[in-house]
Every structure is written in C-alpha cells, then in structure tokens.
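A.B. asks: I have a structure I would like to understand better, so I am pasting it below and will then ask my questions one at a time.
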Amino acid sequence: MRPTLILGLGNPLQGDDGVGCRVVEELFVVRDEAQFAESRPARAKTALRKERCVPDYERMPDDVEVMDGGTPGVGLLNFFEGRTRVIIIDAAEMGVAPGEYRRFTPQEVTLTGSRDRFSLHRSGVADALALARELKMQLPEIIFFGVQPASVEWNDQLSPQVQAALPRVIEAILNELRRIKSEG
Amino acid sequence: MGFTMAQNMKIDVHHVTRVEGHGNIVVNAKNGVLEECRLDIVETPRFFEAMLRGRPYTEASHITSRICGICAVGHATASLRASENALGVGLSEQTQLLRKLIFFGEMLDSHILHTYMLVAPDFFNVGSVIPLAGIAPDAVLRALRMKKLAGDLCALVGGRHTHPIAMSVGGFTHLPTVDELKQIRARLIDSRKDVDETVALFKTLPWPKFERGTEYVALSKPDEYAFIDGTITTTDGGRYHLNEYRKVTNEKCVEHSSAKHTAHKRESYMVGALARVNVNYEQLNPKAKEAADALGLETVCTNPYMNSVAQVVEIVHSTEEAIKICDELIARGIKKEEPYQFKGKGGNGVGSCEVPRGILFHNYEIGDDGKIVNANCIIPTGQNLANIEADMRALVPQILDQGQEKVTMALEMLVRAYDPCISCSVHFLDVKFV
C-alpha cells in the first residue's frame with residue numbers, strides 16, 4: 001500500500017461538489033487507469049479533458065496513490081487504514097470567492113458536523129473525523145485542499161470559476177508532494 | 001369524555017436526522033383526531049433522466065452510478081441491464097457471477113451502515129453513531145471492519161472503490177484474479193464471527209410493536225433469492241414481467257410532495273429488505289433463515305420497523321452467498337472475455353434489481369446511433385413514500401396518548417426503518433478557520 005493517498009471527494013453530478021473527483025481524475029488517469037480506457041466515464045469528453053491540466057505526469061511520485069472517493073460518509077475512515085498521509089480535495093464552504101482554494105489541516109479549522117445531524121453526505125467528512133476521535137483511532141496526517149464552490153445544484157459541469165481554478169489547485173497539490181518529498 | 005393535553009398535538013420535524021437527504025414529518029392532531037399526517041419531501045431530482053438523453057448508452061451506467069453514493073453498484077447494474085435488454089446483449093456465466101458478487105458487497109456495505117450507524121443509536125438513546133462509539137466502541141469498530149471488507153469486495157470486482165468503473169454493457173473491462181478472489185474469500189470466512197455478533201446484538205434490541213397489513217413488492221426468481229432480474233412479485237398475488245413495471249408502480253403526483261407516489265392493489269406498497277424476505281423467504285440461505293428465526297422475524301411480517309431486522313438477515317445471506325460465488329469463480333478460473341460490440345440497432349429495455357432499499361427500475365430507449373432517446377428511473381424510496389405515510393396515519397392514533405416526545409421519536413424511527421434515500425444532498429465541507 002502506498003503511504004500517501006490523494007483522495008478526491010464529492011459528487012460530479014452536483015456541480016462544484018464534484019471538484020475533488022475532477023481534480024483526482026486529472027491526476028490518476030496517469031497511471032492506474034489505462035486498463036479501464038474503454039469505460040472512461042462521461043466526463044471524458046468535457047472541455048477539461050481536451051485541455052489537460054497536468055502537463056507532465058512523471059511528476060507523480062511512486063509512493064502516492066490517487067483515489068476518487070465519491071461520497072463515502074464514515075466509510076472515509078476505511079480509506080485511512082495503513083496510510084501515513086492523506087490529502088483530501090473537496091468542495092468547501094469557506095466564505096471566499098468561488099474557485100478560490102485553501103490548504104488546511106483538521107487542526108486549523110472547525111468542520112461543521114453536528115452529533116445530532118449525522119447524515120452521510122453533508123459534512124460526512126466532519127462526522128467521520130469526529131467518529132475517529134471518539135474511537136481514539138490513530139489517524140494519518142490529513143491535509144485538505146478545499147475549493148470554494150459557486151453552485152452545488154444538480155449539474156454535471158463545474159462552474160466556470162471552479163473549472164478555471166483546476167490548474168492552480170492541481171499545481172498546489174503537486175507542490176505539496178514536492179514539499180513532502182524534500183522533507184523526506 | 002374529557003380531552004387530555006396529549007390529544008392536541010403538533011409535530012413538525014424538519015429534516016429527519018440519520019436518513020439520506022432530507023424529509024420533514026408533519027403531524028397535527030386536535031381533540032384526539034388526526035387532522036394532518038404526512039412526510040414532506042424537500043427534493044427529488046429527476047434531473048438525471050434529462051441528463052441521460054442524448055448520451056451514448058456506454059456512459060449511462062457511469063452517470064447513474066453517481067446518483068447515490070451508497071447504491072453505485074445497484075444503479076450501475078439496473079442501468080446495464082436496461083441497456084442490455086434494449087440491445088439484446090446476452091451475458092456469460094462469469095459476468096453474471098461477478099455481477100452477483102459485487103452486488104453482495106454493496107448490500108453488505110449499505111445494510112451495515114444502516115443497521116449499525118443509523119438505526120442502532122435509537123436503541124442506545126444517543127443522537128448518532130458518534131456518541132454510540134463512546135458507549136459501544138466494539139460494535140462501531142465491528143461495523144467499520146465489516147464495511148471495509150464490503151468496500152474492498154466492491155473495489156476488487158468493480159475495479160475501483162466507490163464507483164464500479166469496470167462494469168460495462170455485456171461484461172467487465174477489468175477482472176479480478178483467482179488469487180485476489182481467494183484472499184477476499186478468506187476474509188469473508190473470517191467475517192462470519194462479526195456476522196454472528198451482529199445477529200446477537202440486534203437480537204437484543206426492543207423493536208417497536210406495530211402491525212399494518214401491507215402489500216410487499218420484490219423481484220423473485222424460481223431458483224434463487226432474487227437481487228438482479230426476475231419477475232416482479234407482490235404478496236397480494238401480483239406477478240409481472242419487468243417490461244410491465246408501470247402496472248405495479250402507477251406513479252402519480254401528490255400535492256405535498258415533489259416526489260411521485262406509487263400504488264398497486266392497495267393505497268400503497270412497500271419495497272426493501274422486509275419485502276424481499278416476505279416474498280422470497282424460502283430461498284434465503286439456511287444460515288440466514290436461522291438468523292431470521294433467532295431475530296424473531298416471521299413471514300409475512302407486517303411490522304415496518306422490522307425492515308432493519310430483515311437487513312440483518314440479508315447481511316447473513318449476502319456473506320454466505322458471496323462465499324459460495326467466490327468458490328464457484330475460483331473453481332471455474334477467470335477468463336478474459338471479448339467486450340460487446342454495438343450492432344447499430346437500438347431498442348427499448350427495462351433493467352431491474354433489488355438495491356439495498358428495494359426494487360429499482362431503469363428503462364431506456366436507445367436509438368440506432370447508440371444514443372439514449374428516453375430514460376425513466378424509479379427508485380425504491382419513491383415507491384415507499386406513500387407507504388410510510390399510510391403507516392404514519394395508522395400509527396399516530398394508536399400512540400397519541402403517549403405524548404409529543406414519544407410520538408415524534410416513534411415517527412422518526414419509522415421513517416428511518418425504511419432506510420430512505422430521499423435525495424442525495426450535497427456533502428461539501430462547511431469550514432470555519434480558527
């Protein structure tokens with residue numbers, strides 16, 4: 001198992017909610033997916049695919065696994081098993097302009113997710129982390145890249161603002177990987 | 001006869017917790033008479049039907065598998081069966097076995113989630129699985145362990161976690177190896193201990209008593225407990241070919257809900273694990289029958305709260321049957337198969353399967369250019385809505401004297417028992433920087 005996991009979360013049928021999946025799709029087409037070429041999902045024909053956001057795939061280190069996690073709810077915790085570090089890309093309501101992204105760790109933010117409002121989608125990440133704390137589970141280092149959505153209505157396209165942000169977000173993740181590598 | 005306080009009651013539960021998506025419960029009773037009793041549905045997107053129109057049939061399963069984060073395999077399977085029936089595509093035995101195997105994986109994943117994390121907290125008087133983890137950590141850790149195995153089984157066959165990318169019209173674009181199947185089989189065998197402990201735990205829970213004569217609808221097959229394909233069968237004696245699904249669903253719009261209601265011989269019917277056990281009890285794996293016995297589930301059971309118990313029975317069934325399918329696939333060996341080639345002729349087809357929440361229909365009309373002309377999708381929760389309301393109307397007068405708090409609790413538990421997926425609401429993070 002590769003020690004670092006890059007995990008995109010969200011639903012690509014719900015507009016910008018799917019930004020994590022879109023970012024990850026760009027990253028993992030690289031190595032894992034050649035065998036599934038015939039069954040490429042619908043988004044293969046979007047503008048995103050015509051203009052590749054990652055010009056040089058060789059920059060992805062061998063010890064990194066890339067995964068589209070969809071909307072796993074507490075199942076998120078199962079993706080953490082055996083990992084040293086998990087980088088999560090997800091849409092995040094941060095009160096900034098649509099398309100802006102922020103890097104943060106769970107310690108740096110309050111993730112809204114009430115103990116009484118447990119559901120599988122909304123704030124599933126917050127609930128999963130709260131559950132992990134309650135169970136005193138050993139968690140890997142978690143780094144979020146949150147992208148401010150413009151719209152999360154049913155729609156299989158990203159908003160122009162978030163679409164335009166993809167190269168910046170991807171570059172930031174690749175920089176993160178470089179930093180991790182240089183720190184050994 | 002004097003009136004007590006309890007006979008006037010107004011309940012308005014906004015966004016019932018621990019159900020997928022959002023639903024509101026509204027109850028209004030005056031002088032002991034129920035004036036209003038309904039389940040409001042905030043949203044039910046029909047958007048994906050429009051989205052499918054004009055798309056190549058090869059994309060349909062990948063689009064629809066994103067409708068629901070929990071039923072990805074179920075939607076993909078119904079979608080593929082609709083396309084395959086429309087195009088006259090036959091399936092190899094290997095493909096059918098692999099489809100069943102991944103289906104069991106999703107059934108386990110969803111049922112474990114619902115029974116342990118969404119239903120069990122009610123019986124421990126806690127608001128969610130998070131405080132439950134504080135008082136019963138072993139049970140929650142067991143649930144996570146079982147979910148991990150179920151997810152890994154889906155990933156092994158589907159080619160990827162969460163979304164079964166390898167499933168395609170006519171077969172699989174990626175196949176598990178025999179060694180991988182042996183490994184997952186060994187883990188399924190090991191999980192029997194967890195399955196036994198699951199039955200033991202749920203046996204101890206005091207399920208609410210409430211009976212109401214109901215028509216149950218599920219797929220059935222002559223030779224097995226049906227999950228994929230079959231005849232639409234009801235406990236009131238209805239039997240229909242899949243192509244006649246509209247004779248069962250009879251969808252109609254109702255004023256207070258954006259979702260359509262369905263009805264067959266009565267005002268409503270129920271689908272889901274309880275419906276399946278009621279229709280197909282005889283075909284359950286022997287160990288699942290033992291579990292049903294231990295859990296006090298006797299068919300035909302007309303207590304909707306027992307749907308969660310039926311899910312526990314199906315956890316046993318799915319584990320045992322998944323082991324059997326692994327055995328069969330290991331004995332046969334895995335062979336690479338040629339992918340289906342489109343013949344330039346479209347058609348109309350219905351695909352149906354029993355997803356965790358009940359019978360699901362996809363109906364596609366595919367043009368000669370291979371593009372989808374029309375799509376219809378009827379989800380289990382949509383079919384259960386009218387029945388949940390009928391249960392509420394029958395239940396509330398029986399318990400009205402117990403006071404607002406208990407009535408509210410009983411109604412929330414009732415709605416949760418159906419494991420409803422009212423809509424897949426957005427899940428994005430809500431972040432405040434500290």
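The chains in the structure tokens are called A, B, ... from first to last as shown; in each chain the residues are counted from 1, and the ligands are counted from 1 in the order shown.
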Compile the contact shell of Met167 of chain B as a PyMOL selection string: residues with an atom at most 9 Å away, counting only C-alpha atoms, same-chain residues fewer than 2 positions apart removed.
C.D. replies: (chain A and resi 39) or (chain B and resi 61-62+73+76-77+80+99+157-159+164-165+169-174)
A.B. asks: Write out as an MDAnalysis selection string each polymer residue whose atoms come within 10 Å of segment 242-253 of chain B, counting only C-alpha atoms; drop sequence neighbours fewer than 5 positions from it.
C.D. replies: chainID B and resid 85 217 219 229:234 258:265 268:269 348:352 361:363 378 382:383
A.B. asks: From the DSSP assignment of the backbone, select every residue of segment 162-284 of chain B that is strand (DSSP E or B), and format the answer as a PDB file with N, CA, C and O atoms, in the first residue's frame.
C.D. replies:
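Final output, saved to states_37.pdb:
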```pdb
ATOM      1  N   MET B 167     -17.526  -2.137 -14.559  1.00  0.00           N
ATOM      2  CA  MET B 167     -18.786  -2.735 -15.016  1.00  0.00           C
ATOM      3  C   MET B 167     -19.222  -2.055 -16.307  1.00  0.00           C
ATOM      4  O   MET B 167     -19.359  -0.837 -16.362  1.00  0.00           O
ATOM      5  N   SER B 168     -19.455  -2.854 -17.347  1.00  0.00           N
ATOM      6  CA  SER B 168     -19.867  -2.242 -18.610  1.00  0.00           C
ATOM      7  C   SER B 168     -20.899  -3.127 -19.296  1.00  0.00           C
ATOM      8  O   SER B 168     -21.135  -4.265 -18.866  1.00  0.00           O
ATOM      9  N   GLY B 171     -20.362  -7.010 -19.908  1.00  0.00           N
ATOM     10  CA  GLY B 171     -19.340  -7.673 -19.094  1.00  0.00           C
ATOM     11  C   GLY B 171     -18.510  -6.734 -18.250  1.00  0.00           C
ATOM     12  O   GLY B 171     -18.997  -5.726 -17.761  1.00  0.00           O
ATOM     13  N   PHE B 172     -17.250  -7.090 -18.079  1.00  0.00           N
ATOM     14  CA  PHE B 172     -16.332  -6.316 -17.247  1.00  0.00           C
ATOM     15  C   PHE B 172     -15.101  -5.930 -18.058  1.00  0.00           C
ATOM     16  O   PHE B 172     -14.597  -6.735 -18.842  1.00  0.00           O
ATOM     17  N   GLU B 215     -49.059  -4.469   1.262  1.00  0.00           N
ATOM     18  CA  GLU B 215     -48.615  -5.235   0.103  1.00  0.00           C
ATOM     19  C   GLU B 215     -47.107  -5.053  -0.050  1.00  0.00           C
ATOM     20  O   GLU B 215     -46.612  -3.926  -0.012  1.00  0.00           O
ATOM     21  N   TYR B 216     -46.381  -6.152  -0.200  1.00  0.00           N
ATOM     22  CA  TYR B 216     -44.921  -6.110  -0.348  1.00  0.00           C
ATOM     23  C   TYR B 216     -44.546  -6.478  -1.775  1.00  0.00           C
ATOM     24  O   TYR B 216     -45.091  -7.437  -2.329  1.00  0.00           O
ATOM     25  N   VAL B 217     -43.633  -5.722  -2.348  1.00  0.00           N
ATOM     26  CA  VAL B 217     -43.248  -5.930  -3.749  1.00  0.00           C
ATOM     27  C   VAL B 217     -41.744  -6.198  -3.832  1.00  0.00           C
ATOM     28  O   VAL B 217     -40.934  -5.448  -3.262  1.00  0.00           O
ATOM     29  N   ALA B 218     -41.395  -7.275  -4.528  1.00  0.00           N
ATOM     30  CA  ALA B 218     -39.972  -7.594  -4.724  1.00  0.00           C
ATOM     31  C   ALA B 218     -39.811  -8.433  -5.983  1.00  0.00           C
ATOM     32  O   ALA B 218     -40.775  -9.035  -6.467  1.00  0.00           O
ATOM     33  N   LEU B 219     -38.587  -8.475  -6.494  1.00  0.00           N
ATOM     34  CA  LEU B 219     -38.287  -9.386  -7.598  1.00  0.00           C
ATOM     35  C   LEU B 219     -38.236 -10.809  -7.054  1.00  0.00           C
ATOM     36  O   LEU B 219     -37.844 -11.029  -5.903  1.00  0.00           O
ATOM     37  N   SER B 220     -38.638 -11.767  -7.887  1.00  0.00           N
ATOM     38  CA  SER B 220     -38.458 -13.162  -7.464  1.00  0.00           C
ATOM     39  C   SER B 220     -37.986 -13.984  -8.652  1.00  0.00           C
ATOM     40  O   SER B 220     -38.187 -13.616  -9.809  1.00  0.00           O
ATOM     41  N   ILE B 228     -30.941  -9.567  -8.850  1.00  0.00           N
ATOM     42  CA  ILE B 228     -30.813  -8.975 -10.185  1.00  0.00           C
ATOM     43  C   ILE B 228     -31.744  -9.735 -11.137  1.00  0.00           C
ATOM     44  O   ILE B 228     -31.694 -10.970 -11.176  1.00  0.00           O
ATOM     45  N   THR B 231     -38.985 -11.795 -11.787  1.00  0.00           N
ATOM     46  CA  THR B 231     -40.372 -11.399 -12.011  1.00  0.00           C
ATOM     47  C   THR B 231     -40.799 -10.487 -10.874  1.00  0.00           C
ATOM     48  O   THR B 231     -40.491 -10.768  -9.712  1.00  0.00           O
ATOM     49  N   ILE B 232     -41.490  -9.412 -11.202  1.00  0.00           N
ATOM     50  CA  ILE B 232     -41.988  -8.525 -10.151  1.00  0.00           C
ATOM     51  C   ILE B 232     -43.127  -9.261  -9.448  1.00  0.00           C
ATOM     52  O   ILE B 232     -44.101  -9.664 -10.095  1.00  0.00           O
ATOM     53  N   THR B 233     -42.976  -9.460  -8.147  1.00  0.00           N
ATOM     54  CA  THR B 233     -43.921 -10.300  -7.408  1.00  0.00           C
ATOM     55  C   THR B 233     -44.419  -9.553  -6.180  1.00  0.00           C
ATOM     56  O   THR B 233     -43.639  -8.881  -5.508  1.00  0.00           O
ATOM     57  N   THR B 234     -45.720  -9.670  -5.876  1.00  0.00           N
ATOM     58  CA  THR B 234     -46.238  -8.994  -4.691  1.00  0.00           C
ATOM     59  C   THR B 234     -46.937  -9.987  -3.778  1.00  0.00           C
ATOM     60  O   THR B 234     -47.406 -11.038  -4.229  1.00  0.00           O
ATOM     61  N   ARG B 239     -48.018 -10.687 -10.278  1.00  0.00           N
ATOM     62  CA  ARG B 239     -46.794 -11.186 -10.922  1.00  0.00           C
ATOM     63  C   ARG B 239     -46.667 -10.519 -12.281  1.00  0.00           C
ATOM     64  O   ARG B 239     -47.584 -10.607 -13.101  1.00  0.00           O
ATOM     65  N   TYR B 240     -45.560  -9.833 -12.517  1.00  0.00           N
ATOM     66  CA  TYR B 240     -45.407  -9.089 -13.758  1.00  0.00           C
ATOM     67  C   TYR B 240     -44.014  -9.270 -14.348  1.00  0.00           C
ATOM     68  O   TYR B 240     -43.025  -9.351 -13.618  1.00  0.00           O
ATOM     69  N   LYS B 252     -47.991   8.569  -9.533  1.00  0.00           N
ATOM     70  CA  LYS B 252     -48.861   9.742  -9.637  1.00  0.00           C
ATOM     71  C   LYS B 252     -48.329  10.878  -8.765  1.00  0.00           C
ATOM     72  O   LYS B 252     -47.672  10.644  -7.744  1.00  0.00           O
ATOM     73  N   HIS B 261     -45.926   9.484  -6.010  1.00  0.00           N
ATOM     74  CA  HIS B 261     -46.267   8.326  -5.177  1.00  0.00           C
ATOM     75  C   HIS B 261     -46.623   7.142  -6.062  1.00  0.00           C
ATOM     76  O   HIS B 261     -47.064   7.302  -7.195  1.00  0.00           O
ATOM     77  N   TYR B 269     -47.606   0.463  -1.389  1.00  0.00           N
ATOM     78  CA  TYR B 269     -46.906  -0.807  -1.143  1.00  0.00           C
ATOM     79  C   TYR B 269     -45.514  -0.525  -0.612  1.00  0.00           C
ATOM     80  O   TYR B 269     -45.034   0.607  -0.661  1.00  0.00           O
ATOM     81  N   MET B 270     -44.894  -1.586  -0.085  1.00  0.00           N
ATOM     82  CA  MET B 270     -43.551  -1.425   0.494  1.00  0.00           C
ATOM     83  C   MET B 270     -42.536  -2.247  -0.291  1.00  0.00           C
ATOM     84  O   MET B 270     -42.817  -3.374  -0.686  1.00  0.00           O
TER      85      MET B 270
END
```
A.B. asks: Find the residues near Glu65 of chain A: any atom within 8 Å, counting only C-alpha atoms, skip ones fewer than 2 places away on the same chain, and give them as a ChimeraX atom specification.
C.D. replies: /A:2-6,62-63,67
A.B. asks: Between B:Met117, B:Glu314, B:Leu141, B:Pro131, which residue has the minimum interatomic distance to Ala130 of chain A, considering only C-alpha atoms?
C.D. replies: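 With only C-alpha atoms as the atom set, the closest residue is B:Pro131.
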